[in-house]
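Text of my_file_33.tsv, listed as TSV, C-alpha atoms:
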```tsv
chain	number	residue	atom	x	y	z
A	14	MET	CA	-6.81	34.15	-16.43
A	15	LYS	CA	-4.75	31.12	-17.17
A	16	PHE	CA	-1.60	30.36	-15.20
A	17	LYS	CA	1.12	27.77	-15.66
A	18	ALA	CA	2.47	26.03	-12.58
A	19	GLU	CA	5.80	24.21	-12.42
A	20	ILE	CA	5.62	21.85	-9.44
A	21	ASP	CA	8.42	19.84	-7.83
A	22	VAL	CA	7.44	16.91	-5.65
A	23	MET	CA	10.36	15.54	-3.63
A	24	PRO	CA	10.81	12.67	-1.17
A	25	LEU	CA	10.97	14.04	2.38
A	26	ASP	CA	14.55	14.74	3.51
A	27	ALA	CA	14.25	12.22	6.34
A	28	LEU	CA	13.48	9.36	3.93
A	29	LEU	CA	15.94	7.15	2.14
A	30	ASP	CA	15.73	7.78	-1.62
A	31	PRO	CA	17.18	4.59	-3.11
A	32	GLN	CA	16.92	5.91	-6.67
A	33	GLY	CA	18.87	9.05	-5.77
A	34	LYS	CA	21.42	6.97	-3.88
A	35	ALA	CA	22.00	4.68	-6.87
A	36	VAL	CA	22.45	7.68	-9.17
A	37	SER	CA	24.73	9.34	-6.63
A	38	ASN	CA	26.96	6.26	-6.63
A	39	SER	CA	26.98	6.15	-10.42
A	40	MET	CA	28.39	9.68	-10.59
A	41	LYS	CA	31.79	8.22	-9.64
A	42	THR	CA	31.51	5.87	-12.62
A	43	VAL	CA	31.05	8.78	-15.01
A	44	GLY	CA	34.09	10.50	-13.50
A	45	MET	CA	32.20	13.05	-11.39
A	46	PRO	CA	32.94	12.14	-7.75
A	47	GLU	CA	32.33	15.78	-6.79
A	48	ILE	CA	28.59	15.17	-7.19
A	49	SER	CA	26.77	13.73	-4.18
A	50	GLU	CA	23.45	13.77	-2.30
A	51	VAL	CA	21.37	13.15	-5.42
A	52	ARG	CA	17.66	13.04	-4.65
A	53	ILE	CA	15.07	12.30	-7.27
A	54	GLY	CA	11.52	13.53	-7.28
A	55	ARG	CA	8.87	14.37	-9.83
A	56	HIS	CA	8.29	17.50	-11.88
A	57	ILE	CA	4.69	18.33	-12.82
A	58	ARG	CA	3.59	21.12	-15.16
A	59	LEU	CA	-0.03	22.14	-15.38
A	60	HIS	CA	-2.34	24.96	-16.31
A	61	VAL	CA	-4.86	26.43	-13.91
A	62	GLU	CA	-7.69	28.86	-14.54
A	63	ALA	CA	-8.00	31.45	-11.77
A	64	GLU	CA	-8.86	35.10	-11.16
A	65	ASN	CA	-5.37	36.08	-10.10
A	66	GLU	CA	-2.01	34.64	-9.15
A	67	SER	CA	-2.88	34.25	-5.51
A	68	ALA	CA	-6.04	32.29	-6.32
A	69	ALA	CA	-4.05	30.16	-8.78
A	70	SER	CA	-1.51	29.46	-6.06
A	71	GLU	CA	-4.25	28.32	-3.70
A	72	LYS	CA	-5.65	25.99	-6.37
A	73	VAL	CA	-2.24	24.44	-7.03
A	74	THR	CA	-1.66	23.93	-3.30
A	75	GLU	CA	-5.03	22.20	-3.07
A	76	ALA	CA	-4.19	19.97	-6.07
A	77	CYS	CA	-0.89	19.00	-4.44
A	78	LYS	CA	-2.54	18.17	-1.14
A	79	LYS	CA	-5.43	16.24	-2.69
A	80	LEU	CA	-3.53	14.22	-5.25
A	81	LEU	CA	-0.18	15.31	-6.65
A	82	ALA	CA	1.86	14.78	-3.46
A	83	ASN	CA	1.48	12.47	-0.48
A	84	ALA	CA	2.42	14.48	2.61
A	85	ILE	CA	3.44	11.33	4.48
A	86	MET	CA	6.39	10.82	2.15
A	87	GLU	CA	6.73	13.89	-0.07
A	88	SER	CA	7.01	17.66	0.02
A	89	PHE	CA	6.18	20.04	-2.81
A	90	THR	CA	7.18	23.48	-4.05
A	91	PHE	CA	6.00	25.33	-7.14
A	92	SER	CA	6.26	28.49	-9.19
A	93	ILE	CA	3.45	30.15	-11.12
A	94	GLU	CA	3.33	32.45	-14.12
A	95	ALA	CA	0.53	33.83	-16.28
A	96	VAL	CA	0.24	32.31	-19.74
B	23	MET	CA	-20.24	-14.37	4.41
B	24	THR	CA	-20.16	-12.82	0.95
B	25	PHE	CA	-16.89	-11.45	-0.36
B	26	GLY	CA	-16.48	-8.74	-2.97
B	27	VAL	CA	-13.24	-8.66	-4.97
B	28	VAL	CA	-12.58	-5.37	-6.75
B	29	THR	CA	-10.95	-5.26	-10.16
B	30	PHE	CA	-9.17	-2.05	-11.15
B	31	PRO	CA	-7.50	-1.59	-14.53
B	32	GLY	CA	-4.13	-3.23	-13.85
B	33	SER	CA	-5.26	-5.54	-11.04
B	34	ASN	CA	-3.63	-8.94	-11.58
B	35	CYS	CA	-4.33	-10.89	-8.39
B	36	ASP	CA	-8.11	-10.55	-8.53
B	37	GLU	CA	-8.69	-13.91	-10.21
B	38	ASP	CA	-6.34	-15.67	-7.76
B	39	MET	CA	-8.30	-14.16	-4.88
B	40	VAL	CA	-11.67	-15.15	-6.37
B	41	TYR	CA	-10.33	-18.67	-7.00
B	42	VAL	CA	-9.15	-19.12	-3.41
B	43	LEU	CA	-12.34	-17.76	-1.87
B	44	GLU	CA	-14.67	-19.75	-4.15
B	45	ASN	CA	-12.80	-22.98	-4.80
B	46	ILE	CA	-10.67	-23.47	-1.70
B	47	LEU	CA	-12.87	-21.87	0.94
B	48	ASN	CA	-16.28	-22.41	-0.71
B	49	GLN	CA	-17.43	-18.83	-0.20
B	50	LYS	CA	-19.78	-16.71	-2.28
B	51	VAL	CA	-17.89	-14.04	-4.20
B	52	GLU	CA	-19.12	-11.00	-6.10
B	53	ARG	CA	-16.79	-9.46	-8.65
B	54	LEU	CA	-16.77	-5.69	-8.25
B	55	TRP	CA	-15.71	-3.31	-11.02
B	56	HIS	CA	-13.83	-0.08	-10.36
B	57	LYS	CA	-16.32	2.03	-12.30
B	58	ASP	CA	-19.30	0.79	-10.29
B	59	THR	CA	-20.45	2.15	-6.96
B	60	ASP	CA	-22.66	-0.79	-5.92
B	61	LEU	CA	-20.94	-3.18	-3.51
B	62	LYS	CA	-23.75	-5.69	-4.18
B	63	GLY	CA	-24.38	-6.17	-0.48
B	64	VAL	CA	-21.09	-7.93	0.24
B	65	ASP	CA	-19.91	-8.30	3.83
B	66	PHE	CA	-16.19	-8.25	3.15
B	67	VAL	CA	-14.38	-6.27	0.43
B	68	VAL	CA	-10.99	-7.38	-0.89
B	69	LEU	CA	-8.72	-5.02	-2.81
B	70	PRO	CA	-6.34	-7.35	-4.65
B	71	GLY	CA	-2.76	-6.95	-5.78
B	72	GLY	CA	-1.57	-5.64	-9.10
B	73	PHE	CA	-0.67	-2.32	-10.65
B	74	SER	CA	-3.91	-0.36	-10.61
B	75	TYR	CA	-3.84	2.45	-13.18
B	76	GLY	CA	-0.27	1.46	-14.03
B	77	ASP	CA	0.95	2.76	-10.65
B	78	TYR	CA	0.78	6.21	-12.26
B	79	LEU	CA	1.75	9.11	-9.96
B	80	ARG	CA	2.11	6.83	-6.91
B	81	SER	CA	0.93	3.26	-6.30
B	82	GLY	CA	-2.76	3.45	-5.41
B	83	ALA	CA	-3.00	7.23	-5.89
B	84	ILE	CA	-5.39	7.09	-8.83
B	85	ALA	CA	-7.28	3.98	-7.68
B	86	LYS	CA	-8.30	5.73	-4.48
B	87	LEU	CA	-10.37	8.13	-6.59
B	88	SER	CA	-12.24	5.47	-8.58
B	89	PRO	CA	-16.04	5.30	-8.14
B	90	ILE	CA	-15.95	1.97	-6.27
B	91	MET	CA	-13.56	3.37	-3.66
B	92	GLY	CA	-16.13	5.93	-2.53
B	93	SER	CA	-18.37	3.00	-1.61
B	94	VAL	CA	-15.49	1.01	-0.10
B	95	ILE	CA	-14.60	3.97	2.12
B	96	GLU	CA	-18.23	4.24	3.27
B	97	HIS	CA	-18.31	0.47	3.87
B	98	ALA	CA	-15.14	0.71	6.01
B	99	LYS	CA	-16.36	3.75	7.92
B	100	ALA	CA	-19.54	1.82	8.78
B	101	GLY	CA	-17.27	-0.69	10.54
B	102	LYS	CA	-17.47	-3.34	7.82
B	103	TYR	CA	-14.49	-5.38	6.70
B	104	VAL	CA	-11.92	-4.51	4.03
B	105	LEU	CA	-8.68	-6.35	3.22
B	106	GLY	CA	-6.05	-4.89	0.91
B	107	ILE	CA	-3.23	-7.06	-0.31
B	108	CYS	CA	-0.10	-5.58	-1.91
B	109	ASN	CA	-1.48	-2.93	-4.31
B	110	GLY	CA	-4.69	-3.14	-2.26
B	111	PHE	CA	-2.67	-2.17	0.84
B	112	GLN	CA	-1.18	0.76	-1.11
B	113	ILE	CA	-4.68	1.88	-2.11
B	114	LEU	CA	-5.83	1.72	1.52
B	115	THR	CA	-2.96	3.92	2.74
B	116	GLU	CA	-3.50	6.38	-0.12
B	117	SER	CA	-7.21	6.51	0.78
B	118	GLY	CA	-6.40	7.30	4.38
B	119	LEU	CA	-8.18	4.15	5.61
B	120	LEU	CA	-4.83	2.91	6.92
B	121	ASP	CA	-1.88	4.84	8.35
B	122	GLY	CA	1.47	5.29	6.66
B	123	ALA	CA	2.67	4.88	3.11
B	124	LEU	CA	4.42	2.24	1.00
B	125	LEU	CA	7.66	3.57	-0.51
B	126	HIS	CA	10.04	2.13	-3.08
B	127	ASN	CA	11.93	-0.83	-1.63
B	128	ASP	CA	15.22	0.27	-0.11
B	129	GLN	CA	17.14	-1.63	-2.80
B	130	GLN	CA	14.96	-0.19	-5.61
B	131	LYS	CA	14.39	-3.75	-6.81
B	132	PHE	CA	11.15	-5.56	-7.48
B	133	ILE	CA	11.24	-8.48	-5.03
B	134	CYS	CA	9.41	-11.73	-5.74
B	135	LYS	CA	10.10	-14.47	-3.18
B	136	ASN	CA	8.78	-16.30	-0.15
B	137	VAL	CA	9.22	-14.57	3.21
B	138	ASN	CA	8.71	-15.67	6.78
B	139	LEU	CA	5.78	-13.76	8.16
B	140	LYS	CA	4.94	-13.62	11.85
B	141	PRO	CA	1.62	-12.42	13.25
B	142	ALA	CA	2.41	-9.61	15.69
B	143	SER	CA	-0.71	-10.12	17.79
B	144	ASN	CA	-3.99	-12.04	17.80
B	145	GLU	CA	-6.10	-8.92	18.18
B	146	SER	CA	-7.71	-8.84	14.75
B	147	GLY	CA	-10.00	-11.08	12.72
B	148	ILE	CA	-7.27	-11.98	10.27
B	149	THR	CA	-4.73	-12.94	12.95
B	150	LYS	CA	-6.98	-14.25	15.73
B	151	ASP	CA	-6.61	-17.93	14.81
B	152	LEU	CA	-3.00	-17.68	13.67
B	153	ASP	CA	-0.22	-18.99	15.87
B	154	ILE	CA	1.84	-15.99	17.02
B	155	SER	CA	4.64	-18.27	18.13
B	156	LYS	CA	5.34	-19.42	14.56
B	157	SER	CA	6.02	-17.86	11.20
B	158	TYR	CA	4.19	-18.52	7.95
B	159	LYS	CA	5.82	-18.89	4.54
B	160	ILE	CA	4.05	-16.37	2.30
B	161	PRO	CA	5.15	-14.90	-1.04
B	162	ILE	CA	5.80	-11.23	-1.63
B	163	ALA	CA	5.95	-9.58	-5.05
B	164	HIS	CA	6.41	-5.82	-4.99
B	165	GLY	CA	8.60	-2.88	-5.88
B	166	GLU	CA	6.98	-0.46	-3.47
B	167	GLY	CA	6.49	-2.20	-0.16
B	168	ARG	CA	8.66	-0.24	2.26
B	169	PHE	CA	6.17	0.60	4.99
B	170	TYR	CA	6.82	4.04	6.42
B	171	ALA	CA	5.08	6.22	8.95
B	172	ASP	CA	6.45	8.89	11.28
B	173	ASP	CA	7.66	7.90	14.76
B	174	ALA	CA	4.47	8.99	16.54
B	175	THR	CA	2.31	6.94	14.16
B	176	ILE	CA	4.53	3.86	14.50
B	177	LYS	CA	4.36	4.14	18.29
B	178	ARG	CA	0.57	4.41	18.17
B	179	LEU	CA	0.31	1.39	15.82
B	180	ILE	CA	2.49	-0.68	18.15
B	181	ASP	CA	0.82	0.51	21.38
B	182	ASN	CA	-2.66	-0.28	19.96
B	183	ASN	CA	-1.56	-3.67	18.60
B	184	GLN	CA	-2.42	-2.50	15.09
B	185	VAL	CA	0.69	-4.11	13.61
B	186	LEU	CA	-0.61	-7.35	12.09
B	187	PHE	CA	2.52	-8.92	10.59
B	188	GLN	CA	6.30	-8.58	10.60
B	189	TYR	CA	8.96	-10.00	8.32
B	190	VAL	CA	11.08	-12.37	10.42
B	191	ASP	CA	14.05	-14.68	10.01
B	192	GLU	CA	14.00	-18.47	10.39
B	193	ASN	CA	14.14	-18.07	14.15
B	194	GLY	CA	11.14	-15.77	14.23
B	195	ILE	CA	13.23	-12.65	14.89
B	196	ALA	CA	12.35	-9.40	13.10
B	197	SER	CA	16.00	-8.82	12.17
B	198	ALA	CA	17.43	-6.36	9.65
B	199	GLU	CA	18.45	-9.33	7.47
B	200	ALA	CA	14.87	-10.58	7.38
B	201	ASN	CA	13.55	-7.21	6.25
B	202	PRO	CA	13.17	-7.53	2.46
B	203	ASN	CA	12.31	-3.93	1.64
B	204	GLY	CA	13.40	-1.61	4.46
B	205	SER	CA	10.00	-1.36	6.16
B	206	VAL	CA	10.03	0.43	9.52
B	207	ASN	CA	10.14	-2.21	12.29
B	208	ASN	CA	9.86	-4.96	9.62
B	209	ILE	CA	6.16	-4.12	9.34
B	210	ALA	CA	4.41	-6.18	6.64
B	211	GLY	CA	0.80	-5.49	7.55
B	212	ILE	CA	-1.36	-3.28	9.76
B	213	CYS	CA	-4.99	-2.68	10.61
B	214	ASN	CA	-6.96	0.43	11.46
B	215	GLU	CA	-8.00	1.39	14.97
B	216	GLY	CA	-11.46	-0.16	14.47
B	217	ARG	CA	-9.78	-3.48	13.43
B	218	ASN	CA	-12.03	-3.82	10.40
B	219	VAL	CA	-9.56	-2.63	7.73
B	220	PHE	CA	-6.53	-4.85	7.11
B	221	GLY	CA	-3.58	-4.16	4.82
B	222	MET	CA	-0.62	-6.41	4.05
B	223	MET	CA	2.08	-6.61	1.39
B	224	PRO	CA	2.48	-10.44	1.30
B	225	HIS	CA	0.10	-12.59	-0.74
B	226	PRO	CA	-1.65	-15.32	1.29
B	227	GLU	CA	-3.88	-16.05	-1.73
B	228	ARG	CA	-0.79	-17.29	-3.55
B	229	ALA	CA	-0.17	-19.87	-0.83
B	230	ALA	CA	-3.56	-21.43	-0.19
B	231	ASP	CA	-3.82	-24.25	-2.71
B	232	LYS	CA	-2.25	-27.69	-2.16
B	233	ASP	CA	-1.25	-27.76	-5.83
B	234	LEU	CA	1.17	-24.92	-5.10
B	235	ALA	CA	2.89	-26.99	-2.40
B	236	ASN	CA	2.40	-24.23	0.16
B	237	GLU	CA	-0.84	-23.82	2.06
B	238	ASP	CA	0.40	-21.50	4.81
B	239	GLY	CA	-1.82	-18.70	3.49
B	240	ARG	CA	-5.00	-20.68	3.97
B	241	ALA	CA	-4.96	-20.10	7.74
B	242	PHE	CA	-5.29	-16.33	7.16
B	243	PHE	CA	-8.57	-16.83	5.28
B	244	GLU	CA	-9.82	-19.40	7.77
B	245	SER	CA	-9.20	-16.92	10.57
B	246	ILE	CA	-11.20	-14.31	8.64
B	247	LEU	CA	-14.08	-16.73	8.10
B	248	LYS	CA	-14.25	-17.61	11.75
B	249	ASN	CA	-13.70	-14.18	13.27
B	250	CYS	CA	-14.99	-11.52	10.86
```
Can you dump the structure from the file as structure tokens?
Amino acid sequence: MKFKAEIDVMPLDALLDPQGKAVSNSMKTVGMPEISEVRIGRHIRLHVEAENESAASEKVTEACKKLLANAIMESFTFSIEAV
Amino acid sequence: MTFGVVTFPGSNCDEDMVYVLENILNQKVERLWHKDTDLKGVDFVVLPGGFSYGDYLRSGAIAKLSPIMGSVIEHAKAGKYVLGICNGFQILTESGLLDGALLHNDQQKFICKNVNLKPASNESGITKDLDISKSYKIPIAHGEGRFYADDATIKRLIDNNQVLFQYVDENGIASAEANPNGSVNNIAGICNEGRNVFGMMPHPERAADKDLANEDGRAFFESILKNC
């Protein structure tokens, strides 16, 4: 079966995210001071061939650990659906 | 000693490095290509600066998987020497040969300027002949040079004297003002526990020729030649 994964890779909470901070500050400029704590990561979509959803989930976790995210500075979450 | 300088797609300091090693220091240099696996018997591998694979995904993340890196990792694990400068340092952290990671500079700007760099200890081949009581004027040129590691790792690096270089001010103090990119403890370079893998963000190869009116970087290579 083929599954589609939607992966979010985010900078760890403890780390300064200068890009998010700059965007956060710019929210005031566009008249939206109620928006704060912007953090910017990366969204990755991919297809994975696996026997079932649980096996697909394991494959995606492995892909994140081996390449898509760097655990020293990033965390990842994902959702999976059959395609 | 024979040096091997690796060229990845997007490397842009490889020719500078070859020039300094061959023309300034009169060393034999082999050019190594990212798709090859043969290190051609070199004693010392240099991963130069640049933007390997366009910095796609993360700086160094794709380069670490190139065929030549499998051989470089074996070379390092056999206790042989590897130096990564700038993007080369990023590749070494991504490969797990060095601790930590290089994040976007805290100001999100690409910084290209001279910094004052102070050797943190003499306990490595690249710093052994440097004067730890003075600072060296060396250029930096990076957007992702903010050295980060968790507290336990930083403590271990400091306790083992694995911190090679720090960014300092004119008085040799590792102050917040002298920190160009937000690196933890102003760290600009580290080595591994075996002291055979060196990584640094600043570019000594850009400060080793008298025509550039700054030869402070030459001492780094001379220390390597004498002690590695």
* Which chain A residues are at most 9 Å from chain B (counting only C-alpha atoms), as a ChimeraX atom specification? -> /A:28-32,35,55,80-83,85-86
Could you put an axis-aligned box around every listed atom of segment 191-200 of chain B, padded by 4 Å on each side, and send me its centre and edge lengths in Å to one decimal, as lines of an AutoDock Vina configuration file?
```
center_x = 14.8
center_y = -12.4
center_z = 11.1
size_x = 15.3
size_y = 20.1
size_z = 15.5
```
* To do: Using all atoms listed in the file, pick whichever of B:Ile176, B:Ala241, B:Cys35, B:Leu61 has the shortest atom-to-atom distance to Leu152 of chain B.
  =>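 Among B:Ile176, B:Ala241, B:Cys35, B:Leu61, it is B:Ala241 that comes nearest to Leu152 of chain B.
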* Asked: Counting all atoms listed in the file, what is within 8 Å of Leu59 of chain A, bar same-chain residues fewer than 5 positions away, as a PyMOL selection string?
  -> chain A and resi 17-19
* Asked: Need the neighbours of (9.2, 20.9, -7.0): which residues are at most 9 Å away, counting only C-alpha atoms, as a PyMOL selection string?
  -> chain A and resi 19-23+54-57+88-92
The selected residues should be written to file as a PDB file, in the coordinates of the input (atoms: C-alpha atoms).
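So again_8.pdb came out as:
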```pdb
ATOM      1  CA  GLU A  19       5.800  24.210 -12.420  1.00  0.00           C
ATOM      2  CA  ILE A  20       5.620  21.850  -9.440  1.00  0.00           C
ATOM      3  CA  ASP A  21       8.420  19.840  -7.830  1.00  0.00           C
ATOM      4  CA  VAL A  22       7.440  16.910  -5.650  1.00  0.00           C
ATOM      5  CA  MET A  23      10.360  15.540  -3.630  1.00  0.00           C
ATOM      6  CA  GLY A  54      11.520  13.530  -7.280  1.00  0.00           C
ATOM      7  CA  ARG A  55       8.870  14.370  -9.830  1.00  0.00           C
ATOM      8  CA  HIS A  56       8.290  17.500 -11.880  1.00  0.00           C
ATOM      9  CA  ILE A  57       4.690  18.330 -12.820  1.00  0.00           C
ATOM     10  CA  SER A  88       7.010  17.660   0.020  1.00  0.00           C
ATOM     11  CA  PHE A  89       6.180  20.040  -2.810  1.00  0.00           C
ATOM     12  CA  THR A  90       7.180  23.480  -4.050  1.00  0.00           C
ATOM     13  CA  PHE A  91       6.000  25.330  -7.140  1.00  0.00           C
ATOM     14  CA  SER A  92       6.260  28.490  -9.190  1.00  0.00           C
TER      15      SER A  92
END
```
* To do: Find the residues near Ser81 of chain B: any atom within 9 Å, counting all atoms listed in the file, skip ones fewer than 6 places away on the same chain, and give them as a PyMOL selection string.
  => chain B and resi 73-75+109+112-113+116+124-125+166
* **d(atom CA of Ser197 of chain B, atom CA of Val219 of chain B) in Å** =>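 Atom CA of Ser197 of chain B sits 26.7 Å away from atom CA of Val219 of chain B.
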* If you measure from atom CA of Gly106 of chain B to atom CA of Lys248 of chain B, what distance in Å do you get, rounded to one decimal? ->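 So the answer is 18.6 Å.
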* Asked: atom CA of Tyr158 of chain B and atom CA of Asp191 of chain B, how far apart in Å?
  ->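 That distance, rounded to one decimal, is 10.8 Å.
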